[in-house]
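For reference, protein30.txt (compact mmCIF, C-alpha atoms and all ligand atoms):
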# COMPACT_ATOMS: atom_id res chain seq x y z
CA MET Y 1 -17.16 -26.49 -5.63
CA VAL Y 2 -14.13 -24.98 -3.84
CA GLU Y 3 -15.24 -22.69 -1.02
CA SER Y 4 -14.06 -19.12 -1.56
CA PHE Y 5 -13.33 -18.54 2.13
CA GLN Y 6 -12.68 -20.18 5.47
CA VAL Y 7 -12.23 -18.70 8.96
CA ILE Y 8 -10.34 -20.86 11.45
CA TYR Y 9 -10.92 -20.54 15.20
CA GLY Y 10 -7.64 -20.81 17.11
CA ASP Y 11 -4.24 -19.42 17.93
CA ALA Y 12 -2.54 -18.13 14.77
CA SER Y 13 0.84 -19.72 15.51
CA LYS Y 14 -0.80 -23.17 15.77
CA ALA Y 15 -3.41 -22.80 13.02
CA ILE Y 16 -0.88 -21.84 10.36
CA GLN Y 17 0.87 -25.19 10.87
CA SER Y 18 -2.15 -26.93 9.32
CA LEU Y 19 -2.22 -24.78 6.16
CA PRO Y 20 -0.59 -25.90 2.89
CA ALA Y 21 2.82 -24.53 1.90
CA GLY Y 22 2.91 -22.20 -1.12
CA LYS Y 23 -0.87 -21.57 -1.14
CA PHE Y 24 -1.08 -17.82 -0.59
CA ARG Y 25 0.01 -15.00 -2.91
CA ALA Y 26 -0.32 -12.54 -0.01
CA ILE Y 27 -0.66 -12.40 3.76
CA ILE Y 28 -2.41 -9.17 4.75
CA THR Y 29 -3.13 -8.40 8.38
CA SER Y 30 -3.34 -5.92 11.25
CA PRO Y 31 -2.13 -7.74 14.36
CA PRO Y 32 -3.02 -6.60 17.88
CA TYR Y 33 -0.83 -3.65 18.90
CA TYR Y 34 1.34 -3.85 21.99
CA GLY Y 35 -0.61 -3.04 25.14
CA HIS Y 36 -3.43 -1.19 23.35
CA ARG Y 37 -6.52 -3.25 24.02
CA ARG Y 38 -7.83 -6.60 25.21
CA TYR Y 39 -9.91 -8.67 22.80
CA GLY Y 40 -10.75 -11.40 25.36
CA SER Y 41 -9.13 -13.38 28.14
CA ASP Y 42 -7.27 -16.14 26.29
CA GLY Y 43 -3.66 -16.49 27.46
CA GLN Y 44 -2.51 -16.90 23.85
CA GLU Y 45 -3.73 -13.42 22.94
CA ILE Y 46 -0.94 -11.41 21.36
CA GLY Y 47 -0.44 -7.85 22.61
CA ARG Y 48 -0.78 -8.58 26.35
CA GLU Y 49 2.82 -9.71 26.96
CA GLN Y 50 4.80 -8.32 29.92
CA THR Y 51 7.52 -6.83 27.75
CA VAL Y 52 7.65 -5.46 24.22
CA GLU Y 53 10.44 -7.96 23.44
CA GLU Y 54 8.11 -10.89 24.29
CA TYR Y 55 5.39 -9.32 22.17
CA LEU Y 56 7.74 -8.86 19.21
CA ASP Y 57 8.96 -12.46 19.53
CA SER Y 58 5.44 -13.94 19.52
CA LEU Y 59 4.40 -11.77 16.59
CA ALA Y 60 7.56 -12.49 14.60
CA LYS Y 61 7.12 -16.24 15.19
CA VAL Y 62 3.71 -16.16 13.45
CA PHE Y 63 5.11 -14.38 10.39
CA VAL Y 64 8.30 -16.41 10.21
CA ASP Y 65 6.32 -19.67 10.33
CA ALA Y 66 3.85 -18.29 7.78
CA LYS Y 67 6.63 -17.56 5.24
CA LYS Y 68 6.45 -21.10 3.88
CA LEU Y 69 2.73 -20.62 3.16
CA LEU Y 70 3.53 -17.91 0.61
CA THR Y 71 4.06 -18.60 -3.08
CA ASP Y 72 7.64 -17.89 -4.21
CA ASP Y 73 6.46 -14.50 -5.50
CA GLY Y 74 4.26 -13.88 -2.46
CA SER Y 75 4.29 -10.92 -0.09
CA LEU Y 76 3.47 -10.08 3.51
CA TRP Y 77 1.68 -6.86 4.50
CA ILE Y 78 1.43 -5.83 8.16
CA VAL Y 79 -0.59 -2.78 9.22
CA ILE Y 80 0.88 -1.78 12.56
CA GLY Y 81 1.32 1.23 14.82
CA ASP Y 82 3.76 2.03 17.57
CA THR Y 83 3.22 2.18 21.34
CA ARG Y 84 4.46 4.84 23.74
CA ARG Y 85 5.72 4.03 27.23
CA ARG Y 86 6.70 6.84 29.61
CA LYS Y 87 6.82 9.31 26.72
CA GLU Y 88 9.08 7.13 24.57
CA LYS Y 89 8.11 5.37 21.39
CA LEU Y 90 9.02 1.68 21.47
CA ARG Y 91 9.76 1.49 17.70
CA VAL Y 92 7.58 -1.62 17.38
CA PRO Y 93 7.16 -1.54 13.57
CA HIS Y 94 10.87 -1.28 12.80
CA ARG Y 95 11.96 -3.75 15.47
CA LEU Y 96 9.47 -6.22 14.02
CA ALA Y 97 10.87 -5.51 10.56
CA ASP Y 98 14.41 -6.26 11.84
CA LEU Y 99 13.28 -9.64 13.19
CA LEU Y 100 11.58 -10.56 9.91
CA VAL Y 101 14.56 -9.48 7.81
CA ARG Y 102 16.79 -11.66 9.99
CA ALA Y 103 14.45 -14.55 9.17
CA GLY Y 104 14.90 -14.00 5.43
CA TYR Y 105 12.04 -11.69 4.44
CA LYS Y 106 12.92 -8.80 2.12
CA PHE Y 107 11.80 -5.47 3.64
CA ARG Y 108 10.33 -3.65 0.65
CA GLU Y 109 8.50 -0.66 2.00
CA ASP Y 110 7.31 1.06 5.16
CA ILE Y 111 4.27 2.84 3.82
CA ILE Y 112 2.77 5.60 5.96
CA TRP Y 113 -0.99 5.25 6.28
CA TYR Y 114 -1.99 8.83 7.09
CA LYS Y 115 -5.39 8.81 8.80
CA LYS Y 116 -6.77 12.12 7.74
CA ASN Y 117 -9.64 11.91 10.27
CA SER Y 118 -7.48 10.92 13.26
CA VAL Y 119 -8.48 12.26 16.67
CA SER Y 120 -6.08 14.84 18.08
CA SER Y 121 -4.25 14.17 21.30
CA SER Y 122 -4.85 16.12 24.51
CA SER Y 123 -1.35 15.32 25.80
CA PRO Y 124 0.57 18.38 27.05
CA ASP Y 125 3.71 17.39 25.15
CA ASN Y 126 3.07 14.68 22.52
CA PHE Y 127 2.05 15.26 18.94
CA SER Y 128 -1.18 13.60 17.85
CA GLN Y 129 -0.53 10.19 16.34
CA ALA Y 130 -1.97 10.48 12.84
CA TYR Y 131 -0.39 7.52 11.02
CA GLU Y 132 0.33 3.83 11.14
CA TYR Y 133 2.73 1.82 9.04
CA VAL Y 134 1.88 -0.63 6.29
CA LEU Y 135 4.99 -2.84 6.31
CA PHE Y 136 5.53 -4.64 3.00
CA PHE Y 137 7.84 -7.66 2.86
CA SER Y 138 8.42 -10.17 0.10
CA LYS Y 139 9.39 -13.81 0.48
CA ASN Y 140 12.08 -13.48 -2.21
CA SER Y 141 13.73 -10.47 -3.87
CA ARG Y 142 10.98 -10.17 -6.45
CA SER Y 143 7.29 -10.45 -5.74
CA TYR Y 144 4.13 -10.34 -7.85
CA ALA Y 145 3.22 -6.67 -8.37
CA ASN Y 146 0.50 -5.07 -10.47
CA LEU Y 147 1.21 -1.34 -10.41
CA ASP Y 148 -1.32 -0.70 -13.17
CA ALA Y 149 -4.07 -1.73 -10.74
CA VAL Y 150 -3.22 1.05 -8.28
CA ARG Y 151 -1.99 3.95 -10.43
CA VAL Y 152 -3.09 7.42 -9.37
CA MET Y 153 -4.01 10.53 -11.30
CA GLY Y 154 -3.12 14.08 -10.33
CA ASN Y 155 -1.75 15.07 -7.01
CA GLU Y 156 -2.47 12.62 -4.23
CA ALA Y 157 -2.36 15.33 -1.56
CA ALA Y 158 -5.75 17.03 -1.44
CA GLU Y 159 -4.22 20.44 -0.83
CA GLY Y 160 -1.42 19.99 -3.34
CA ARG Y 161 -0.43 22.57 -5.91
CA ASN Y 162 -1.63 20.63 -8.91
CA ARG Y 163 -5.39 20.82 -8.83
CA ARG Y 164 -7.53 19.03 -11.36
CA PRO Y 165 -7.57 21.26 -14.47
CA LEU Y 166 -10.68 22.19 -16.44
CA PRO Y 167 -11.50 19.42 -18.96
CA GLU Y 168 -10.95 21.72 -21.98
CA MET Y 169 -7.43 22.47 -20.71
CA VAL Y 170 -6.36 18.79 -20.66
CA GLN Y 171 -4.50 17.25 -23.64
CA PHE Y 172 -4.52 13.45 -23.88
CA GLY Y 173 -1.95 12.84 -26.60
CA PRO Y 174 0.42 14.55 -29.02
CA GLU Y 175 -1.01 16.52 -31.93
CA ARG Y 176 1.24 16.80 -35.02
CA PRO Y 177 4.74 16.39 -33.53
CA ASP Y 178 7.27 18.34 -35.62
CA LYS Y 179 10.09 15.92 -36.44
CA GLU Y 180 12.40 18.61 -37.81
CA ALA Y 181 11.90 20.86 -34.80
CA ILE Y 182 12.61 17.90 -32.47
CA GLU Y 183 15.88 17.15 -34.31
CA ARG Y 184 16.93 20.82 -34.26
CA ILE Y 185 16.16 21.11 -30.52
CA SER Y 186 18.00 17.86 -29.74
CA ARG Y 187 21.07 19.09 -31.67
CA ILE Y 188 21.16 22.37 -29.77
CA ILE Y 189 20.69 20.73 -26.37
CA HIS Y 190 23.14 17.90 -26.98
CA SER Y 191 25.87 20.25 -28.16
CA SER Y 192 25.42 22.54 -25.16
CA THR Y 193 27.89 22.56 -22.28
CA PRO Y 194 27.38 23.64 -18.66
CA LEU Y 195 28.70 27.05 -19.79
CA THR Y 196 26.11 27.50 -22.54
CA PRO Y 197 23.83 30.40 -21.52
CA LEU Y 198 20.25 29.28 -20.90
CA SER Y 199 19.03 32.03 -23.24
CA SER Y 200 20.60 30.26 -26.23
CA LEU Y 201 18.70 27.02 -25.52
CA PRO Y 202 15.11 26.49 -26.77
CA SER Y 203 12.43 27.39 -24.22
CA THR Y 204 10.44 24.63 -22.52
CA SER Y 205 7.33 25.83 -24.39
CA GLU Y 206 9.13 25.45 -27.74
CA ILE Y 207 10.21 21.94 -26.75
CA ALA Y 208 6.66 20.92 -25.72
CA LEU Y 209 5.25 22.36 -28.98
CA ALA Y 210 7.79 20.45 -31.07
CA TYR Y 211 6.58 17.22 -29.45
CA GLY Y 212 2.98 18.12 -30.30
CA TYR Y 213 1.82 19.32 -26.90
CA ASP Y 214 0.27 22.71 -26.14
CA PRO Y 215 2.66 24.09 -23.47
CA GLU Y 216 -0.21 25.80 -21.64
CA LYS Y 217 -2.41 22.71 -21.52
CA PHE Y 218 -2.34 20.16 -18.72
CA CYS Y 219 -1.25 16.55 -18.47
CA PRO Y 220 -4.16 14.24 -17.55
CA THR Y 221 -1.92 12.23 -15.24
CA CYS Y 222 0.04 14.70 -13.12
CA TYR Y 223 -2.02 17.85 -13.82
CA ARG Y 224 1.11 19.86 -14.64
CA LYS Y 225 1.34 22.06 -17.74
CA PHE Y 226 3.20 20.45 -20.64
CA LYS Y 227 5.86 23.15 -20.58
CA ARG Y 228 6.75 21.67 -17.17
CA HIS Y 229 7.47 18.31 -18.85
CA ALA Y 230 10.30 19.73 -20.92
CA THR Y 231 13.90 19.91 -19.77
CA ARG Y 232 16.44 22.20 -21.39
CA ARG Y 233 19.30 21.99 -18.95
CA ARG Y 234 21.98 19.34 -18.91
CA ILE Y 235 21.16 17.16 -15.88
CA GLY Y 236 24.37 16.49 -13.93
CA GLY Y 237 27.09 15.04 -16.16
CA HIS Y 238 24.80 12.64 -18.05
CA ARG Y 239 24.98 12.64 -21.82
CA HIS Y 240 21.53 11.15 -22.19
CA TYR Y 241 18.64 12.83 -20.53
CA PRO Y 242 15.00 13.43 -21.36
CA ILE Y 243 14.23 16.72 -23.03
CA PHE Y 244 10.53 15.98 -23.08
CA ALA Y 245 8.87 13.28 -21.03
CA VAL Y 246 5.16 12.57 -20.82
CA CYS Y 247 3.60 10.73 -17.88
CA ASN Y 248 2.15 7.26 -18.12
CA PRO Y 249 -1.41 7.97 -19.37
CA ASN Y 250 -2.71 5.23 -17.04
CA GLY Y 251 -1.53 7.17 -14.00
CA LYS Y 252 1.51 7.67 -11.79
CA ASN Y 253 3.08 5.16 -9.44
CA PRO Y 254 1.41 5.78 -6.09
CA SER Y 255 3.60 7.24 -3.39
CA ASN Y 256 4.42 5.50 -0.13
CA VAL Y 257 2.17 7.85 1.84
CA TRP Y 258 -1.44 6.69 1.71
CA GLU Y 259 -4.03 9.18 2.85
CA ILE Y 260 -7.07 7.12 3.85
CA ALA Y 261 -9.72 7.95 6.45
CA THR Y 262 -10.47 5.32 9.09
CA LYS Y 263 -13.88 3.89 8.37
CA ALA Y 264 -15.58 0.79 9.76
CA HIS Y 265 -18.07 -1.24 7.80
CA PHE Y 266 -21.58 -1.27 9.18
CA GLY Y 267 -22.06 -3.07 12.52
CA ASN Y 268 -18.32 -3.32 13.29
CA GLU Y 269 -17.70 0.30 14.26
CA HIS Y 270 -16.22 -0.34 17.70
CA PHE Y 271 -13.72 -2.97 16.63
CA ALA Y 272 -10.12 -2.23 15.58
CA ILE Y 273 -10.69 -2.87 11.90
CA PHE Y 274 -8.77 -1.33 9.04
CA PRO Y 275 -10.47 0.44 6.11
CA GLU Y 276 -11.49 -1.65 3.11
CA GLU Y 277 -9.99 1.00 0.81
CA LEU Y 278 -6.55 0.34 2.28
CA VAL Y 279 -6.83 -3.45 2.07
CA LYS Y 280 -8.17 -3.29 -1.47
CA LYS Y 281 -5.18 -1.24 -2.59
CA VAL Y 282 -2.85 -3.91 -1.18
CA ILE Y 283 -4.87 -6.77 -2.69
CA ARG Y 284 -5.06 -5.19 -6.16
CA PHE Y 285 -1.31 -4.58 -6.15
CA SER Y 286 -0.11 -7.87 -4.69
CA THR Y 287 -2.50 -10.55 -5.99
CA LYS Y 288 -4.37 -11.75 -9.07
CA PRO Y 289 -8.07 -12.68 -9.27
CA GLY Y 290 -8.48 -16.24 -8.00
CA ASP Y 291 -5.45 -16.03 -5.65
CA TRP Y 292 -5.62 -17.03 -1.99
CA VAL Y 293 -5.09 -14.36 0.70
CA LEU Y 294 -4.39 -15.15 4.38
CA ASP Y 295 -5.09 -13.01 7.46
CA PRO Y 296 -3.79 -14.71 10.64
CA PHE Y 297 -5.43 -12.02 12.86
CA ALA Y 298 -8.71 -11.81 10.98
CA GLY Y 299 -10.92 -9.98 13.54
CA ARG Y 300 -14.19 -9.13 11.81
CA GLY Y 301 -12.79 -10.20 8.46
CA THR Y 302 -12.07 -6.93 6.63
CA THR Y 303 -9.24 -8.50 4.62
CA GLY Y 304 -11.58 -11.31 3.58
CA ILE Y 305 -14.42 -8.94 2.65
CA ALA Y 306 -12.09 -6.95 0.40
CA ALA Y 307 -10.57 -10.16 -1.03
CA LEU Y 308 -13.96 -11.67 -1.95
CA GLU Y 309 -15.19 -8.40 -3.43
CA LEU Y 310 -12.12 -8.43 -5.70
CA GLY Y 311 -12.58 -12.07 -6.73
CA ARG Y 312 -9.81 -13.50 -4.52
CA LYS Y 313 -10.17 -16.37 -2.02
CA PHE Y 314 -9.55 -16.03 1.67
CA ILE Y 315 -8.50 -17.87 4.82
CA GLY Y 316 -8.66 -16.07 8.15
CA ILE Y 317 -7.69 -17.09 11.68
CA ASP Y 318 -8.84 -15.58 14.98
CA LEU Y 319 -8.44 -16.55 18.60
CA TYR Y 320 -11.99 -15.74 19.65
CA PRO Y 321 -15.10 -17.62 18.52
CA GLU Y 322 -17.26 -14.48 18.50
CA ASN Y 323 -14.86 -12.84 16.02
CA VAL Y 324 -14.82 -15.97 13.87
CA GLU Y 325 -18.65 -16.07 13.83
CA ARG Y 326 -18.86 -12.38 13.00
CA ALA Y 327 -16.25 -12.67 10.26
CA ILE Y 328 -18.10 -15.66 8.77
CA ALA Y 329 -21.36 -13.68 8.81
CA ASN Y 330 -19.64 -10.69 7.16
CA LEU Y 331 -18.01 -12.91 4.55
CA SER Y 332 -21.07 -15.03 3.78
CA SER Y 333 -22.95 -11.98 2.51
CA LYS Y 334 -20.05 -11.27 0.11
CA SER Y 335 -19.48 -14.87 -0.87
CA ASN Y 336 -23.00 -15.11 -2.36
CA ASN Y 337 -22.02 -12.39 -4.80
CA TRP Y 338 -18.68 -13.96 -5.65
CA ASN Y 339 -18.29 -15.25 -9.17
CA GLY Y 340 -14.57 -16.04 -9.07
CA THR Y 341 -13.77 -14.04 -12.17
CA LYS Y 342 -13.61 -10.38 -11.17
C1 LIG Y 401 -6.46 -5.52 15.25
S1 LIG Y 401 -7.52 -6.87 15.33
C2 LIG Y 401 -7.77 -7.30 13.64
C3 LIG Y 401 -8.85 -6.55 13.02
C4 LIG Y 401 -9.11 -6.94 11.59
N1 LIG Y 401 -8.11 -6.40 10.70
C5 LIG Y 401 -10.50 -6.48 11.14
O1 LIG Y 401 -10.60 -5.81 10.15
O2 LIG Y 401 -11.47 -6.79 11.82
C6 LIG Y 401 -6.50 -8.17 15.89
C7 LIG Y 401 -7.17 -9.51 16.03
O3 LIG Y 401 -6.19 -10.47 16.43
C8 LIG Y 401 -6.84 -11.45 17.23
N2 LIG Y 401 -5.81 -12.20 17.97
C9 LIG Y 401 -5.12 -11.84 19.06
N3 LIG Y 401 -4.24 -12.81 19.42
C10 LIG Y 401 -4.37 -13.81 18.51
C11 LIG Y 401 -3.74 -15.07 18.33
N4 LIG Y 401 -2.79 -15.51 19.15
N5 LIG Y 401 -4.13 -15.83 17.28
C12 LIG Y 401 -5.12 -15.42 16.42
N6 LIG Y 401 -5.76 -14.23 16.56
C13 LIG Y 401 -5.39 -13.43 17.59
C14 LIG Y 401 -7.80 -10.64 18.07
O4 LIG Y 401 -8.87 -11.46 18.54
C15 LIG Y 401 -8.28 -9.58 17.08
O5 LIG Y 401 -9.46 -9.96 16.47

Show me the file's structure as structure tokens.
Ligand SMILES: C[S@@+](CC[C@H](N)C(=O)[O-])C[C@H]1O[C@@H](n2cnc3c(N)ncnc32)[C@H](O)[C@@H]1O
Amino acid sequence: MVESFQVIYGDASKAIQSLPAGKFRAIITSPPYYGHRRYGSDGQEIGREQTVEEYLDSLAKVFVDAKKLLTDDGSLWIVIGDTRRRKEKLRVPHRLADLLVRAGYKFREDIIWYKKNSVSSSSPDNFSQAYEYVLFFSKNSRSYANLDAVRVMGNEAAEGRNRRPLPEMVQFGPERPDKEAIERISRIIHSSTPLTPLSSLPSTSEIALAYGYDPEKFCPTCYRKFKRHATRRRIGGHRHYPIFAVCNPNGKNPSNVWEIATKAHFGNEHFAIFPEELVKKVIRFSTKPGDWVLDPFAGRGTTGIAALELGRKFIGIDLYPENVERAIANLSSKSNNWNGTK
């Protein structure tokens, strides 16, 4: 039987040389930040370099060498924050991105991970640091992506305007669209010019009704009223434009701001781990069940835990034996439940 996980003890830049090319659909990791903390006393530890340039070079080397381990449609995800020195931000995430782009990676997204439970700063002149980046790169221009696995309903911001409507006010599909009314409305809108007074165009409620939607009812995906889905103005100079557009009933594309509270799994509270919810979102989007995921800075194995829970397979690397042991213990409890099909 093929083992569903492995955690290698050693320096990431050396250990990746022994792994097979093209094995991993995704590399997902949170490397040590520059000058933030010390995990042990090994001279190979990343994050303890004298200068930020040396740090960026050692980190970039790991990811550049690891590029060949990715499948052709594979992607690299780095959860990373910045460091301040004498009041100035060092721009670590974007300088790292520059180095990786120079090495051929495609820089796809710099997602903001907003930590809604972040601790506020007591500095007299700095804002509290409430986010980190999730840098998303792909090996080639296109990468495997499953948006359906991460679609969102409603407004992602908790305090947003579009609150979840009452169930009886939600309409899931069209009821008796009126073909003639749709044709009449289309004719009026298409023959309008920028000078046509708005009052002579059909109202957005009339448009929604023609398409079979109660204008005062709410969309189950974006929680807006259906009259808000109708357009009656010419948009720019385009001849073709939607006059009524419904949302994808499976949910919206998630935004590139992810609001996720920091949360450690039991027994690992004082270690710099990232939340399983965040890693799971990345894994669901970037891999298929049965795929291999790599974390070259595995720590206590959060990436692996999430990967096994979602039916993926995992290889982790860490410089310190105590982290490797702990990650193996964390992963073994998950591996027993793994059935390889989820
Ligand atoms: C931010 S922590 C990772 C935490 C991890 N995401 C988790 O959930 O537990 C960074 C890890 O990188 C490891 N590390 C530092 N330098 C390394 C190197 N050269 N090779 C491999 N691992 C290294 C540290 O021991 C630490 O466990």

Practice problem: May I ask you to write as a PyMOL selection string all residues lying at most 8 Å from ligand LIG 401 (chain Y), with all atoms listed in the file counted? | Solution: chain Y and resi 9-13+29-33+39-40+44-47+268+271-275+295-303+317-320+323+327

Self-check item: Point (1.4, -8.8, 27.4) neighbourhood (12 Å, all atoms listed in the file) written as JSON, numbers by chain
Solution: {"Y": [32, 33, 34, 35, 36, 37, 38, 41, 42, 43, 44, 45, 46, 47, 48, 49, 50, 51, 52, 53, 54, 55, 56, 57, 58, 59]}

Contacts of stretch 209-217 of chain Y at 7 Å (only C-alpha atoms; same-chain gap of 4+ positions) as a compact mmCIF listing (two decimals) with C-alpha atoms, in the frame of the given file:
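Written output follows (part-v7.txt):
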# COMPACT_ATOMS: atom_id res chain seq x y z
CA MET Y 169 -7.43 22.47 -20.71
CA VAL Y 170 -6.36 18.79 -20.66
CA GLN Y 171 -4.50 17.25 -23.64
CA PRO Y 174 0.42 14.55 -29.02
CA GLU Y 175 -1.01 16.52 -31.93
CA ARG Y 176 1.24 16.80 -35.02
CA PRO Y 177 4.74 16.39 -33.53
CA ASP Y 178 7.27 18.34 -35.62
CA ALA Y 181 11.90 20.86 -34.80
CA ILE Y 182 12.61 17.90 -32.47
CA SER Y 205 7.33 25.83 -24.39
CA LYS Y 225 1.34 22.06 -17.74
CA PHE Y 226 3.20 20.45 -20.64
CA LYS Y 227 5.86 23.15 -20.58

Exercise. Calculate how many Å separate atom CA of Y:Leu195 from atom CA of Y:Val246, rounding to one decimal.
Key: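 Taking atom CA of Y:Leu195 as the start and atom CA of Y:Val246 as the end point, the length is 27.7 Å.
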
Quiz item: Quick one: residues within 8 Å of stretch 74-83 of chain Y, all atoms listed in the file counted, chain neighbours fewer than 5 positions away excluded, as a PyMOL selection string?
Solution: chain Y and resi 24-31+33-36+89-93+131-140+143-144+282+286

Please give the centre and size of the box around stretch 75-87 of chain Y (axis-aligned, containing every atom listed in the file, 8 Å added per side), with values in Å to one decimal and written as JSON.
{"center_x": 3.1, "center_y": -0.8, "center_z": 14.8, "size_x": 23.4, "size_y": 36.2, "size_z": 45.7}

Exercise. Work out how far apart atom CA of Y:Thr71 and atom CA of Y:Leu294 are and give it in Å to one decimal.
Key: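 Calculated distance between atom CA of Y:Thr71 and atom CA of Y:Leu294 is 11.8 Å.
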
Quiz item: atom CA of Y:Ala261 and atom CA of Y:Ala130 are how many Å apart?
Solution: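 So the two atoms, atom CA of Y:Ala261 and atom CA of Y:Ala130, lie 10.4 Å apart.
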
Exercise. Find the spatial neighbours of Y:Ser192, counting all atoms listed in the file, within a cut-off of 9 Å - ignore same-chain residues fewer than 5 positions away - and output them as a PyMOL selection string.
Key: chain Y and resi 187+197+201+233-234

Self-check item: Contacts of Y:Lys23 at 10 Å (only C-alpha atoms; same-chain gap of 6+ positions) as a ChimeraX atom specification
Solution: /Y:68-72,74,291-294

Quiz item: Using all atoms listed in the file, which of Y:Ala21, Y:Ile315, Y:Ala97, Y:Leu278 sits nearest Y:Glu3?
Solution: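 Result for the nearest residue to Y:Glu3: Y:Ile315.
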
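Omitting Y:Arg164 and its sequence neighbours fewer than 5 positions away, and counting all atoms listed in the file, the residues within 9 Å are Y:Gly154, Y:Asn155, Y:Pro220, Y:Cys222, Y:Tyr223.
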
Quiz item: Taking (4.7, 3.0, -12.1) in the file's coordinates, which residues come within 8 Å, counting all atoms listed in the file, written as a ChimeraX atom specification?
Solution: /Y:147-148,151,248,251-254

Self-check item: Residue with smallest distance to Y:Cys247 - pool Y:Ser4, Y:Asp110, Y:Leu198, Y:Arg228, counting all atoms listed in the file
Solution: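 That would be Y:Arg228, the residue with the smallest distance to Y:Cys247.
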
Stretch 83-98 of chain Y dumped to file, N, CA and C atoms, as an mmCIF file, in the first residue's frame:
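Saved result, out32.cif, follows:
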data_model
loop_
_atom_site.group_PDB
_atom_site.id
_atom_site.type_symbol
_atom_site.label_atom_id
_atom_site.label_comp_id
_atom_site.auth_asym_id
_atom_site.auth_seq_id
_atom_site.Cartn_x
_atom_site.Cartn_y
_atom_site.Cartn_z
ATOM 1 N N THR Y 83 8.139 42.235 7.427
ATOM 2 C CA THR Y 83 8.894 42.555 8.640
ATOM 3 C C THR Y 83 9.180 44.048 8.609
ATOM 4 N N ARG Y 84 9.127 44.672 9.784
ATOM 5 C CA ARG Y 84 9.452 46.090 9.882
ATOM 6 C C ARG Y 84 10.844 46.248 10.478
ATOM 7 N N ARG Y 85 11.619 47.153 9.969
ATOM 8 C CA ARG Y 85 12.919 47.502 10.561
ATOM 9 C C ARG Y 85 12.989 49.020 10.646
ATOM 10 N N ARG Y 86 13.254 49.539 11.827
ATOM 11 C CA ARG Y 86 13.299 50.988 12.046
ATOM 12 C C ARG Y 86 12.127 51.680 11.332
ATOM 13 N N LYS Y 87 10.951 51.215 11.671
ATOM 14 C CA LYS Y 87 9.684 51.807 11.188
ATOM 15 C C LYS Y 87 9.333 51.440 9.749
ATOM 16 N N GLU Y 88 10.305 50.967 8.964
ATOM 17 C CA GLU Y 88 9.998 50.725 7.552
ATOM 18 C C GLU Y 88 9.653 49.285 7.278
ATOM 19 N N LYS Y 89 8.693 49.076 6.410
ATOM 20 C CA LYS Y 89 8.385 47.717 5.972
ATOM 21 C C LYS Y 89 9.405 47.302 4.914
ATOM 22 N N LEU Y 90 9.849 46.049 4.995
ATOM 23 C CA LEU Y 90 10.906 45.578 4.088
ATOM 24 C C LEU Y 90 10.351 45.071 2.752
ATOM 25 N N ARG Y 91 9.067 44.962 2.637
ATOM 26 C CA ARG Y 91 8.385 44.490 1.400
ATOM 27 C C ARG Y 91 8.798 43.060 1.046
ATOM 28 N N VAL Y 92 8.959 42.230 2.067
ATOM 29 C CA VAL Y 92 9.393 40.842 1.866
ATOM 30 C C VAL Y 92 8.499 40.088 0.869
ATOM 31 N N PRO Y 93 7.164 40.094 1.027
ATOM 32 C CA PRO Y 93 6.357 39.267 0.121
ATOM 33 C C PRO Y 93 6.561 39.636 -1.348
ATOM 34 N N HIS Y 94 6.565 40.935 -1.649
ATOM 35 C CA HIS Y 94 6.655 41.312 -3.061
ATOM 36 C C HIS Y 94 8.066 41.187 -3.613
ATOM 37 N N ARG Y 95 9.066 41.339 -2.765
ATOM 38 C CA ARG Y 95 10.444 41.114 -3.256
ATOM 39 C C ARG Y 95 10.653 39.628 -3.532
ATOM 40 N N LEU Y 96 10.046 38.788 -2.691
ATOM 41 C CA LEU Y 96 10.133 37.338 -2.956
ATOM 42 C C LEU Y 96 9.414 37.021 -4.274
ATOM 43 N N ALA Y 97 8.249 37.640 -4.450
ATOM 44 C CA ALA Y 97 7.491 37.404 -5.694
ATOM 45 C C ALA Y 97 8.332 37.799 -6.905
ATOM 46 N N ASP Y 98 9.041 38.928 -6.832
ATOM 47 C CA ASP Y 98 9.890 39.364 -7.954
ATOM 48 C C ASP Y 98 10.936 38.298 -8.286
#
